[in-house]
Amino acid sequence: MLAALPVFLFMAFYAIADPFHIVHPTCRDSQGRDSVAVSNNAGFTSVETYLLHNEHYHYDSFIFGSSMSQNFKASYWKPHLDSTASILHFDASSETLTGIINKMRLLNHHGTTIKNALIVIEAKMLERREPSNDDILYVQHPATTSAPDWLHVHSIFFNAFLNLQQVKLALFPDRNKHSGHDNGIVSEIAPNRIGHLNEMYYATVDSIIAVNPDEFYTPERIKSFKRAILPTATQPAIDHEMEVKLLTIKGILDANHSNYIIIVPPRNSFRPLAIQDLWVMKSIFGDNRVHDFSRHPELINNDRVYYDNGAHLISAKCHLLLDSAYRSQQAPALSNPYF
């Protein structure tokens with residue numbers, strides 16, 4: 001027992017410190033209201049937010065996607081929905097189509113109808129196969145898996161706890177903003193957060209960009225935005241496996257009688273959506289539901305409309321894309337590019 005005491009003490013320290021907000025995912029905000037701590041694992045936080053707040057807010061409208069969906073704000077989407085819509089960001093870092101399917105099934109399992117859905121699918125998402133289940137940033141919440149395994153999840157985070165750099169990054173993100181997974185991301189300040197919406201935003205940065213963008217887009221910052229030179233030809237990413245996943249998402253939305261829209265945003269220095277992939281998506285979901293902005297002439301290869309090197313489009317431009325998508329609901333049909 002004495003020999004095992006240091007191990008037990010270290011495990012107790014892990015549970016108390018909880019730098020990744022896994023042991024105690026819920027907390028209180030400055031007003032004493034129930035909230036969820038900002039976690040390194042955005043997908044885990046999304047699920048915990050839903051489980052914590054759904055009984056009060058009765059969510060029926062969801063924003064699905066990777067971190068690129070976070071800047072499509074609930075306040076931007078709300079005018080396009082009925083006045084009673086209750087919105088939740090249901091995103092995950094480097095989200096996959098499988099991750100979206102699992103979250104949709106979780107909602108239905110808990111009796112939640114997906115009345116409205118905004119799905120942000122960047123071209124890169126179509127290249128991701130399955131969620132990584134062995135990384136603290138991407139491991140899925142057990143509630144979204146067919147065989148929940150909390151022991152596996154805790155083992156991943158506990159092993160990460162053994163890495164002092166990971167713990168420093170989790171406990172003091174502002175002091176370690178130039179290291180680890182925060183490298184290249186807007187991290188001068190911690191993001192503001194609306195707890196029950198699971199929505200994060202950079203209030204100070206947004207105000208600077210709106211009033212004096214040169215103050216934010218300094219030559220040093222622009223120089224740090226290293227963009228790769230990509231070939232002009234874009235190969236399709238949707239194969240049979242990906243098509244089945246898209247059809248599964250369509251089936252869930254149809255079963256919920258959902259009012260939904262899909263946006264393909266631009267990504268700085270990344271390939272646009274292949275024409276063949278756009279055609280497949282429109283064939284599955286409908287011409288008027290899929291809106292491709294990955295070739296937007298004012299947004300591609302333009303460092304001054306992104307927060308960071310990770311190609312996260314600033315929220316003001318996301319607002320414009322969302323409004324544009326709803327204005328062009330009757331999109332022209334796309335001819336089959338395979339013939």
# chains A, B, ... in the order shown; residues from 1 in each chain; ligands from 1

call {"tool": "residues_around", "arguments": {"residues": "Lys78 in chain A", "least_positions_apart": "4", "cutoff": "12 Å", "atoms": "only C-alpha atoms", "output": "PDB file with N, CA and C atoms, in the first residue's frame"}}
result
ATOM      1  N   SER A  61     -31.874  23.384 -33.029  1.00  0.00           N
ATOM      2  CA  SER A  61     -31.140  23.898 -34.189  1.00  0.00           C
ATOM      3  C   SER A  61     -29.648  23.765 -33.903  1.00  0.00           C
ATOM      4  N   PHE A  62     -28.905  23.163 -34.848  1.00  0.00           N
ATOM      5  CA  PHE A  62     -27.521  22.801 -34.562  1.00  0.00           C
ATOM      6  C   PHE A  62     -26.588  23.223 -35.697  1.00  0.00           C
ATOM      7  N   ILE A  63     -25.407  23.719 -35.299  1.00  0.00           N
ATOM      8  CA  ILE A  63     -24.356  24.073 -36.248  1.00  0.00           C
ATOM      9  C   ILE A  63     -23.299  22.975 -36.158  1.00  0.00           C
ATOM     10  N   PHE A  72     -19.429  30.953 -37.749  1.00  0.00           N
ATOM     11  CA  PHE A  72     -20.790  31.166 -38.235  1.00  0.00           C
ATOM     12  C   PHE A  72     -21.677  31.291 -37.002  1.00  0.00           C
ATOM     13  N   LYS A  73     -21.831  32.496 -36.509  1.00  0.00           N
ATOM     14  CA  LYS A  73     -22.435  32.735 -35.204  1.00  0.00           C
ATOM     15  C   LYS A  73     -23.935  32.453 -35.188  1.00  0.00           C
ATOM     16  N   ALA A  74     -24.400  32.059 -34.004  1.00  0.00           N
ATOM     17  CA  ALA A  74     -25.832  31.816 -33.817  1.00  0.00           C
ATOM     18  C   ALA A  74     -26.641  33.067 -34.143  1.00  0.00           C
ATOM     19  N   ASP A  82     -37.086  30.434 -37.516  1.00  0.00           N
ATOM     20  CA  ASP A  82     -38.238  31.004 -36.813  1.00  0.00           C
ATOM     21  C   ASP A  82     -37.805  31.500 -35.436  1.00  0.00           C
ATOM     22  N   SER A  83     -38.613  32.329 -34.834  1.00  0.00           N
ATOM     23  CA  SER A  83     -38.230  33.039 -33.611  1.00  0.00           C
ATOM     24  C   SER A  83     -38.032  32.113 -32.420  1.00  0.00           C
ATOM     25  N   THR A  84     -38.563  30.903 -32.477  1.00  0.00           N
ATOM     26  CA  THR A  84     -38.458  29.991 -31.335  1.00  0.00           C
ATOM     27  C   THR A  84     -37.236  29.085 -31.410  1.00  0.00           C
ATOM     28  N   ALA A  85     -36.443  29.179 -32.465  1.00  0.00           N
ATOM     29  CA  ALA A  85     -35.292  28.283 -32.643  1.00  0.00           C
ATOM     30  C   ALA A  85     -34.312  28.415 -31.483  1.00  0.00           C
ATOM     31  N   SER A  86     -33.848  27.277 -30.974  1.00  0.00           N
ATOM     32  CA  SER A  86     -32.859  27.237 -29.895  1.00  0.00           C
ATOM     33  C   SER A  86     -31.584  26.599 -30.446  1.00  0.00           C
ATOM     34  N   ILE A  87     -30.512  27.388 -30.547  1.00  0.00           N
ATOM     35  CA  ILE A  87     -29.322  27.005 -31.310  1.00  0.00           C
ATOM     36  C   ILE A  87     -28.193  26.518 -30.402  1.00  0.00           C
ATOM     37  N   LEU A  88     -27.456  25.522 -30.891  1.00  0.00           N
ATOM     38  CA  LEU A  88     -26.254  25.026 -30.225  1.00  0.00           C
ATOM     39  C   LEU A  88     -25.176  24.758 -31.260  1.00  0.00           C
ATOM     40  N   ASN A 116     -33.572  22.351 -37.369  1.00  0.00           N
ATOM     41  CA  ASN A 116     -32.753  23.145 -38.291  1.00  0.00           C
ATOM     42  C   ASN A 116     -31.305  22.709 -38.171  1.00  0.00           C
ATOM     43  N   ALA A 117     -30.591  22.713 -39.289  1.00  0.00           N
ATOM     44  CA  ALA A 117     -29.175  22.350 -39.267  1.00  0.00           C
ATOM     45  C   ALA A 117     -28.397  23.232 -40.231  1.00  0.00           C
ATOM     46  N   LEU A 118     -27.283  23.747 -39.735  1.00  0.00           N
ATOM     47  CA  LEU A 118     -26.298  24.441 -40.566  1.00  0.00           C
ATOM     48  C   LEU A 118     -25.047  23.575 -40.526  1.00  0.00           C
ATOM     49  N   HIS A 319     -20.518  35.787 -41.769  1.00  0.00           N
ATOM     50  CA  HIS A 319     -21.855  36.399 -41.771  1.00  0.00           C
ATOM     51  C   HIS A 319     -22.307  36.664 -43.210  1.00  0.00           C
ATOM     52  N   LEU A 322     -23.138  33.358 -45.034  1.00  0.00           N
ATOM     53  CA  LEU A 322     -24.403  32.780 -44.589  1.00  0.00           C
ATOM     54  C   LEU A 322     -25.586  33.507 -45.215  1.00  0.00           C
ATOM     55  N   ASP A 323     -25.533  34.823 -45.209  1.00  0.00           N
ATOM     56  CA  ASP A 323     -26.613  35.606 -45.826  1.00  0.00           C
ATOM     57  C   ASP A 323     -26.691  35.333 -47.322  1.00  0.00           C
ATOM     58  N   TYR A 326     -28.431  31.966 -48.092  1.00  0.00           N
ATOM     59  CA  TYR A 326     -29.887  31.989 -47.954  1.00  0.00           C
ATOM     60  C   TYR A 326     -30.541  32.841 -49.042  1.00  0.00           C
TER      61      TYR A 326
END

call {"tool": "select_by_dssp", "arguments": {"residues": "range 73-322 of chain A", "states": "helix (DSSP H, G or I)", "output": "JSON, numbers by chain"}}
result
{"A": [74, 75, 76, 77, 78, 79, 80, 97, 98, 99, 100, 101, 102, 103, 104, 105, 106, 107, 108, 109, 123, 124, 125, 126, 127, 142, 143, 144, 150, 151, 152, 153, 154, 155, 156, 157, 158, 159, 160, 161, 164, 165, 166, 167, 168, 169, 170, 171, 180, 181, 182, 195, 196, 197, 203, 204, 205, 206, 207, 208, 209, 210, 211, 213, 214, 215, 216, 219, 220, 221, 222, 223, 224, 240, 241, 242, 243, 244, 245, 246, 247, 248, 249, 250, 251, 252, 253, 254, 255, 275, 276, 277, 278, 279, 280, 281, 282, 283, 284, 285, 303, 304, 305, 315, 316, 317, 318, 319, 320, 321, 322]}

call {"tool": "closest_atom_pairs", "arguments": {"of": "range 79-128 of chain A", "to": "range 251-271 of chain A", "cutoff": "7 Å", "atoms": "only C-alpha atoms", "output": "Markdown table"}}
result
| residue | atom | partner | partner_atom | distance |
| --- | --- | --- | --- | --- |
| A:Thr113 | CA | A:Asn256 | CA | 6.0 |
| A:Ile114 | CA | A:Asn256 | CA | 5.8 |
| A:Lys115 | CA | A:Ser258 | CA | 4.7 |
| A:Asn116 | CA | A:Asn259 | CA | 4.7 |
| A:Ala117 | CA | A:Tyr260 | CA | 4.5 |
| A:Leu118 | CA | A:Ile261 | CA | 5.2 |
| A:Ile119 | CA | A:Ile262 | CA | 4.8 |
| A:Val120 | CA | A:Ile263 | CA | 4.9 |
| A:Ile121 | CA | A:Val264 | CA | 5.2 |
| A:Glu122 | CA | A:Val264 | CA | 5.0 |
| A:Ala123 | CA | A:Val264 | CA | 6.9 |

call {"tool": "closest_residue", "arguments": {"among": "A:Asp308, A:Asp18, A:Glu241, A:Asp149", "to": "Glu130 in chain A", "atoms": "only C-alpha atoms"}}
result
A:Glu241

call {"tool": "residues_around", "arguments": {"residues": "Gly43 in chain A", "least_positions_apart": "6", "cutoff": "8 Å", "atoms": "only C-alpha atoms", "output": "VMD selection string"}}
result
chain A and resid 90 to 93 138 140 to 141

call {"tool": "write_last_selection", "arguments": {"atoms": "C-alpha atoms", "output": "short mmCIF file (atom, residue, chain, number, x, y, z; two decimals), in the first residue's frame"}}
result
data_model
loop_
_atom_site.label_atom_id
_atom_site.label_comp_id
_atom_site.auth_asym_id
_atom_site.auth_seq_id
_atom_site.Cartn_x
_atom_site.Cartn_y
_atom_site.Cartn_z
CA PHE A 90 -22.20 21.09 -32.07
CA ASP A 91 -18.70 21.15 -33.52
CA ALA A 92 -15.44 19.28 -33.02
CA SER A 93 -11.82 19.95 -33.92
CA TYR A 138 -9.93 14.47 -31.29
CA GLN A 140 -14.80 11.24 -29.29
CA HIS A 141 -17.02 11.66 -26.27
#

call {"tool": "closest_residue", "arguments": {"among": "A:Phe10, A:Trp279, A:Tyr217, A:Phe161", "to": "Pro236 in chain A", "atoms": "only C-alpha atoms"}}
result
A:Trp279

call {"tool": "closest_residue", "arguments": {"among": "A:Arg289, A:His152, A:His296, A:Lys245", "to": "Asn102 in chain A", "atoms": "only C-alpha atoms"}}
result
A:Lys245

call {"tool": "select_by_dssp", "arguments": {"residues": "range 88-156 of chain A", "states": "strand (DSSP E or B)", "output": "tab-separated table (two decimals) with C-alpha atoms, in the first residue's frame"}}
result
chain	number	residue	atom	x	y	z
A	88	LEU	CA	-26.25	25.03	-30.22
A	89	HIS	CA	-22.81	24.83	-31.82
A	90	PHE	CA	-22.20	21.09	-32.07
A	91	ASP	CA	-18.70	21.15	-33.52
A	116	ASN	CA	-32.75	23.14	-38.29
A	117	ALA	CA	-29.18	22.35	-39.27
A	118	LEU	CA	-26.30	24.44	-40.57
A	119	ILE	CA	-23.56	22.08	-41.73
A	120	VAL	CA	-20.14	23.52	-42.57

call {"tool": "decode", "arguments": {"residues": "range 244-263 of chain A", "atoms": "C-alpha atoms", "output": "PDB file, in the first residue's frame"}}
result
ATOM      1  CA  VAL A 244     -22.398   6.451 -48.034  1.00  0.00           C
ATOM      2  CA  LYS A 245     -21.620   8.804 -45.127  1.00  0.00           C
ATOM      3  CA  LEU A 246     -23.221  11.739 -46.931  1.00  0.00           C
ATOM      4  CA  LEU A 247     -26.276   9.620 -47.721  1.00  0.00           C
ATOM      5  CA  THR A 248     -26.465   8.632 -44.043  1.00  0.00           C
ATOM      6  CA  ILE A 249     -26.481  12.305 -43.025  1.00  0.00           C
ATOM      7  CA  LYS A 250     -29.191  12.972 -45.627  1.00  0.00           C
ATOM      8  CA  GLY A 251     -31.255  10.080 -44.253  1.00  0.00           C
ATOM      9  CA  ILE A 252     -31.054  11.403 -40.684  1.00  0.00           C
ATOM     10  CA  LEU A 253     -32.009  14.922 -41.786  1.00  0.00           C
ATOM     11  CA  ASP A 254     -34.946  13.604 -43.799  1.00  0.00           C
ATOM     12  CA  ALA A 255     -36.133  11.472 -40.884  1.00  0.00           C
ATOM     13  CA  ASN A 256     -36.094  14.610 -38.710  1.00  0.00           C
ATOM     14  CA  HIS A 257     -37.837  16.652 -41.427  1.00  0.00           C
ATOM     15  CA  SER A 258     -34.976  19.099 -40.999  1.00  0.00           C
ATOM     16  CA  ASN A 259     -34.660  22.507 -42.566  1.00  0.00           C
ATOM     17  CA  TYR A 260     -30.970  22.524 -43.403  1.00  0.00           C
ATOM     18  CA  ILE A 261     -28.263  24.194 -45.428  1.00  0.00           C
ATOM     19  CA  ILE A 262     -24.688  23.138 -46.224  1.00  0.00           C
ATOM     20  CA  ILE A 263     -21.884  25.657 -46.668  1.00  0.00           C
TER      21      ILE A 263
END
